[in-house]
Amino acid sequence: MLDVGLGRGVQALRLARAGHQVTGLESDPDLRGLVEKELADEPDEIRKRIRLVAVGSEDTGAHFLPGTFDVVLCHGELIQARDPGTTLAGLARVLDGGGLLSLLIRNDDALAMHPGRTGDWDAAQAALDFPERAGRAFRLDTFTRGLAGIGTPLRQWYGVGIFGHDRLPEQDEEAERMLALEERAARTDPYRSVAAMLHVCGVRGG
């Protein structure tokens, strides 16, 4: 598996503990240092399953051979990329046939929802008045066409952050209820269509 934009390594560690071999890309040396610190406390068999590489998301296609990975995860880096289209093509290039491309993107069809929920009326008004300022690169219909164009057609998509909770409730029972509702809404129209973020999954042809 390739985890692009490793961050603090939470996702990579979870996958390694489940038995997967994970290559994590992270260009920020401070974040890599945090991951290395976390790895130092892990059993040897877990540490051996994670490889850290000091490159950014835009360099993926240049550092690995085509078809290297069965799964490519990019849960945030694509939004910050200077050229999302080129970055996305690089991610697809290193994915093996039948492999999964898992992406987290901003939902440009619902730009006013998050500021509206938090009471930022100026930002909500601006999102409604000038939606073109976001570039519209992350509208689901546009993104779906892009995925097909790079040979990883859309398989499934989910809403993320539908109910606008920034953190889990402190009580375990309440947190479980919230997560269960969020997961159900994430798969259900029309709720997933107004989520702040979208989890988009494509599968490599061939």
# chains A, B, ... in the order shown; residues from 1 in each chain; ligands from 1
>>> closest_atom_pairs(of="stretch 61-80 of chain A", to="stretch 32-55 of chain A", cutoff="12 Å", atoms="only C-alpha atoms", output="tab-separated table")
residue	atom	partner	partner_atom	distance
A:Gly61	CA	A:Val55	CA	10.9
A:Ala62	CA	A:Val55	CA	10.1
A:His63	CA	A:Val55	CA	8.5
A:Phe64	CA	A:Val53	CA	11.1
>>> closest_atom_pairs(of="stretch 72-169 of chain A", to="stretch 23-27 of chain A", cutoff="12 Å", atoms="only C-alpha atoms", output="CSV")
residue,atom,partner,partner_atom,distance
A:Val72,CA,A:Thr23,CA,9.6
A:Leu73,CA,A:Gly24,CA,9.6
A:Cys74,CA,A:Leu25,CA,9.9
A:His75,CA,A:Leu25,CA,12.0
A:Glu77,CA,A:Glu26,CA,10.0
A:Leu91,CA,A:Leu25,CA,11.8
>>> write_last_selection(atoms="N, CA and C atoms", output="compact mmCIF listing (two decimals), in the first residue's frame")
# COMPACT_ATOMS: atom_id res chain seq x y z
N VAL A 72 -3.56 2.68 -3.32
CA VAL A 72 -2.97 4.01 -3.17
C VAL A 72 -3.96 4.88 -2.42
N LEU A 73 -3.52 5.44 -1.29
CA LEU A 73 -4.35 6.30 -0.46
C LEU A 73 -3.82 7.72 -0.52
N CYS A 74 -4.69 8.68 -0.77
CA CYS A 74 -4.31 10.09 -0.77
C CYS A 74 -5.47 10.85 -0.12
N HIS A 75 -5.38 11.03 1.17
CA HIS A 75 -6.50 11.57 1.94
C HIS A 75 -6.22 12.99 2.43
N GLU A 77 -3.76 15.35 0.47
CA GLU A 77 -2.71 16.01 -0.31
C GLU A 77 -3.22 16.54 -1.64
N LEU A 91 -0.61 9.29 -9.25
CA LEU A 91 -1.12 8.29 -8.30
C LEU A 91 -1.66 7.07 -9.04
>>> atom_distance(atom1="atom CA of A:Gly90", atom2="atom CA of A:Arg8")
22.8 Å
>>> residues_around(residues="stretch 104-119 of chain A", least_positions_apart="5", cutoff="10 Å", atoms="only C-alpha atoms", output="MDAnalysis selection string")
chainID A and resid 73:80 124:129 131:132 134:141 143 157:165 192:201
>>> write_last_selection(atoms="C-alpha atoms", output="short mmCIF file (atom, residue, chain, number, x, y, z; two decimals), in the first residue's frame")
data_model
loop_
_atom_site.label_atom_id
_atom_site.label_comp_id
_atom_site.auth_asym_id
_atom_site.auth_seq_id
_atom_site.Cartn_x
_atom_site.Cartn_y
_atom_site.Cartn_z
CA LEU A 73 -4.35 6.30 -0.46
CA CYS A 74 -4.31 10.09 -0.77
CA HIS A 75 -6.50 11.57 1.94
CA GLY A 76 -5.77 15.29 1.83
CA GLU A 77 -2.71 16.01 -0.31
CA LEU A 78 -4.66 16.30 -3.55
CA ILE A 79 -6.55 19.35 -2.28
CA GLN A 80 -3.27 21.20 -1.65
CA ALA A 124 -21.16 31.22 3.24
CA GLN A 125 -22.38 34.22 1.23
CA ALA A 126 -19.11 34.33 -0.75
CA ALA A 127 -19.36 30.61 -1.54
CA LEU A 128 -22.87 31.10 -2.89
CA ASP A 129 -22.06 34.28 -4.82
CA PRO A 131 -18.45 29.47 -6.51
CA GLU A 132 -16.11 29.78 -9.49
CA ALA A 134 -12.82 27.49 -5.95
CA GLY A 135 -11.95 26.37 -9.46
CA ARG A 136 -14.70 23.71 -9.32
CA ALA A 137 -12.00 21.07 -9.71
CA PHE A 138 -13.58 18.96 -7.00
CA ARG A 139 -17.16 18.74 -8.13
CA LEU A 140 -18.10 15.06 -8.14
CA ASP A 141 -19.22 15.01 -11.78
CA PHE A 143 -13.86 14.50 -10.77
CA TRP A 157 -18.13 7.51 -3.12
CA TYR A 158 -19.11 8.63 0.36
CA GLY A 159 -19.75 11.86 2.22
CA VAL A 160 -17.40 12.88 5.05
CA GLY A 161 -18.25 15.38 7.77
CA ILE A 162 -21.95 15.47 7.00
CA PHE A 163 -23.10 16.54 10.43
CA GLY A 164 -20.27 19.01 10.91
CA HIS A 165 -18.78 17.58 14.11
CA ARG A 192 -23.75 12.60 1.26
CA SER A 193 -24.15 15.20 -1.49
CA VAL A 194 -23.89 18.08 1.00
CA ALA A 195 -20.90 16.75 2.95
CA ALA A 196 -17.89 19.03 3.37
CA MET A 197 -15.59 16.32 2.00
CA LEU A 198 -15.99 13.32 -0.29
CA HIS A 199 -14.28 9.94 -0.02
CA VAL A 200 -13.92 8.83 -3.65
CA CYS A 201 -12.80 5.32 -4.66
#
>>> atom_distance(atom1="atom CA of A:Arg155", atom2="atom CA of A:Asp189")
16.3 Å
>>> select_by_dssp(residues="stretch 51-118 of chain A", states="strand (DSSP E or B)", output="PyMOL selection string")
chain A and resi 51-53+69-74+95-106
>>> residues_around(residues="A:Thr144", least_positions_apart="6", cutoff="9 Å", atoms="only C-alpha atoms", output="list in words")
Pro153, Leu154, Val200 and Gly202 of chain A
>>> write_last_selection(atoms="N, CA and C atoms", output="short mmCIF file (atom, residue, chain, number, x, y, z; two decimals), in the first residue's frame")
data_model
loop_
_atom_site.label_atom_id
_atom_site.label_comp_id
_atom_site.auth_asym_id
_atom_site.auth_seq_id
_atom_site.Cartn_x
_atom_site.Cartn_y
_atom_site.Cartn_z
N PRO A 153 -11.73 4.35 -13.15
CA PRO A 153 -13.12 4.81 -13.06
C PRO A 153 -13.70 4.69 -11.66
N LEU A 154 -14.62 5.60 -11.36
CA LEU A 154 -15.25 5.65 -10.04
C LEU A 154 -15.95 4.33 -9.73
N VAL A 200 -13.69 9.32 -2.30
CA VAL A 200 -13.92 8.83 -3.65
C VAL A 200 -13.00 7.65 -3.90
N GLY A 202 -11.74 4.82 -6.77
CA GLY A 202 -11.67 4.34 -8.14
C GLY A 202 -10.89 3.05 -8.22
#
>>> select_by_dssp(residues="stretch 80-178 of chain A", states="alpha helix (DSSP H)", output="PyMOL selection string")
chain A and resi 80+84-93+113-117+121-129+140-149+172-178
>>> write_last_selection(atoms="C-alpha atoms", output="CSV table (one decimal), in the first residue's frame")
chain,number,residue,atom,x,y,z
A,80,GLN,CA,-3.3,21.2,-1.7
A,84,PRO,CA,-4.3,18.2,-9.0
A,85,GLY,CA,-4.7,16.7,-12.4
A,86,THR,CA,-1.0,15.9,-12.8
A,87,THR,CA,-0.8,14.6,-9.2
A,88,LEU,CA,-3.8,12.4,-9.7
A,89,ALA,CA,-2.4,10.9,-12.9
A,90,GLY,CA,0.8,10.1,-11.0
A,91,LEU,CA,-1.1,8.3,-8.3
A,92,ALA,CA,-3.0,6.2,-10.9
A,93,ARG,CA,0.2,5.4,-12.7
A,113,MET,CA,-22.5,24.3,4.0
A,114,HIS,CA,-19.5,24.3,6.5
A,115,PRO,CA,-19.3,28.1,7.0
A,116,GLY,CA,-23.1,28.2,7.2
A,117,ARG,CA,-23.1,25.5,10.0
A,121,TRP,CA,-22.1,34.1,7.2
A,122,ASP,CA,-19.7,36.1,5.1
A,123,ALA,CA,-17.9,33.0,3.9
A,124,ALA,CA,-21.2,31.2,3.2
A,125,GLN,CA,-22.4,34.2,1.2
A,126,ALA,CA,-19.1,34.3,-0.7
A,127,ALA,CA,-19.4,30.6,-1.5
A,128,LEU,CA,-22.9,31.1,-2.9
A,129,ASP,CA,-22.1,34.3,-4.8
A,140,LEU,CA,-18.1,15.1,-8.1
A,141,ASP,CA,-19.2,15.0,-11.8
A,142,THR,CA,-16.0,16.7,-13.0
A,143,PHE,CA,-13.9,14.5,-10.8
A,144,THR,CA,-15.6,11.4,-12.0
A,145,ARG,CA,-14.7,12.3,-15.6
A,146,GLY,CA,-11.1,12.8,-14.5
A,147,LEU,CA,-10.9,9.4,-12.9
A,148,ALA,CA,-12.2,7.7,-16.0
A,149,GLY,CA,-9.7,9.7,-18.1
A,172,ASP,CA,-17.9,6.5,24.4
A,173,GLU,CA,-21.6,5.6,23.9
A,174,GLU,CA,-22.3,9.0,22.4
A,175,ALA,CA,-19.3,8.8,20.1
A,176,GLU,CA,-20.4,5.4,18.8
A,177,ARG,CA,-23.9,6.7,18.1
A,178,MET,CA,-22.5,9.7,16.2
>>> closest_residue(among="A:Ala81, A:Leu65, A:Val71, A:Ala186", to="A:Val94", atoms="only C-alpha atoms")
A:Leu65
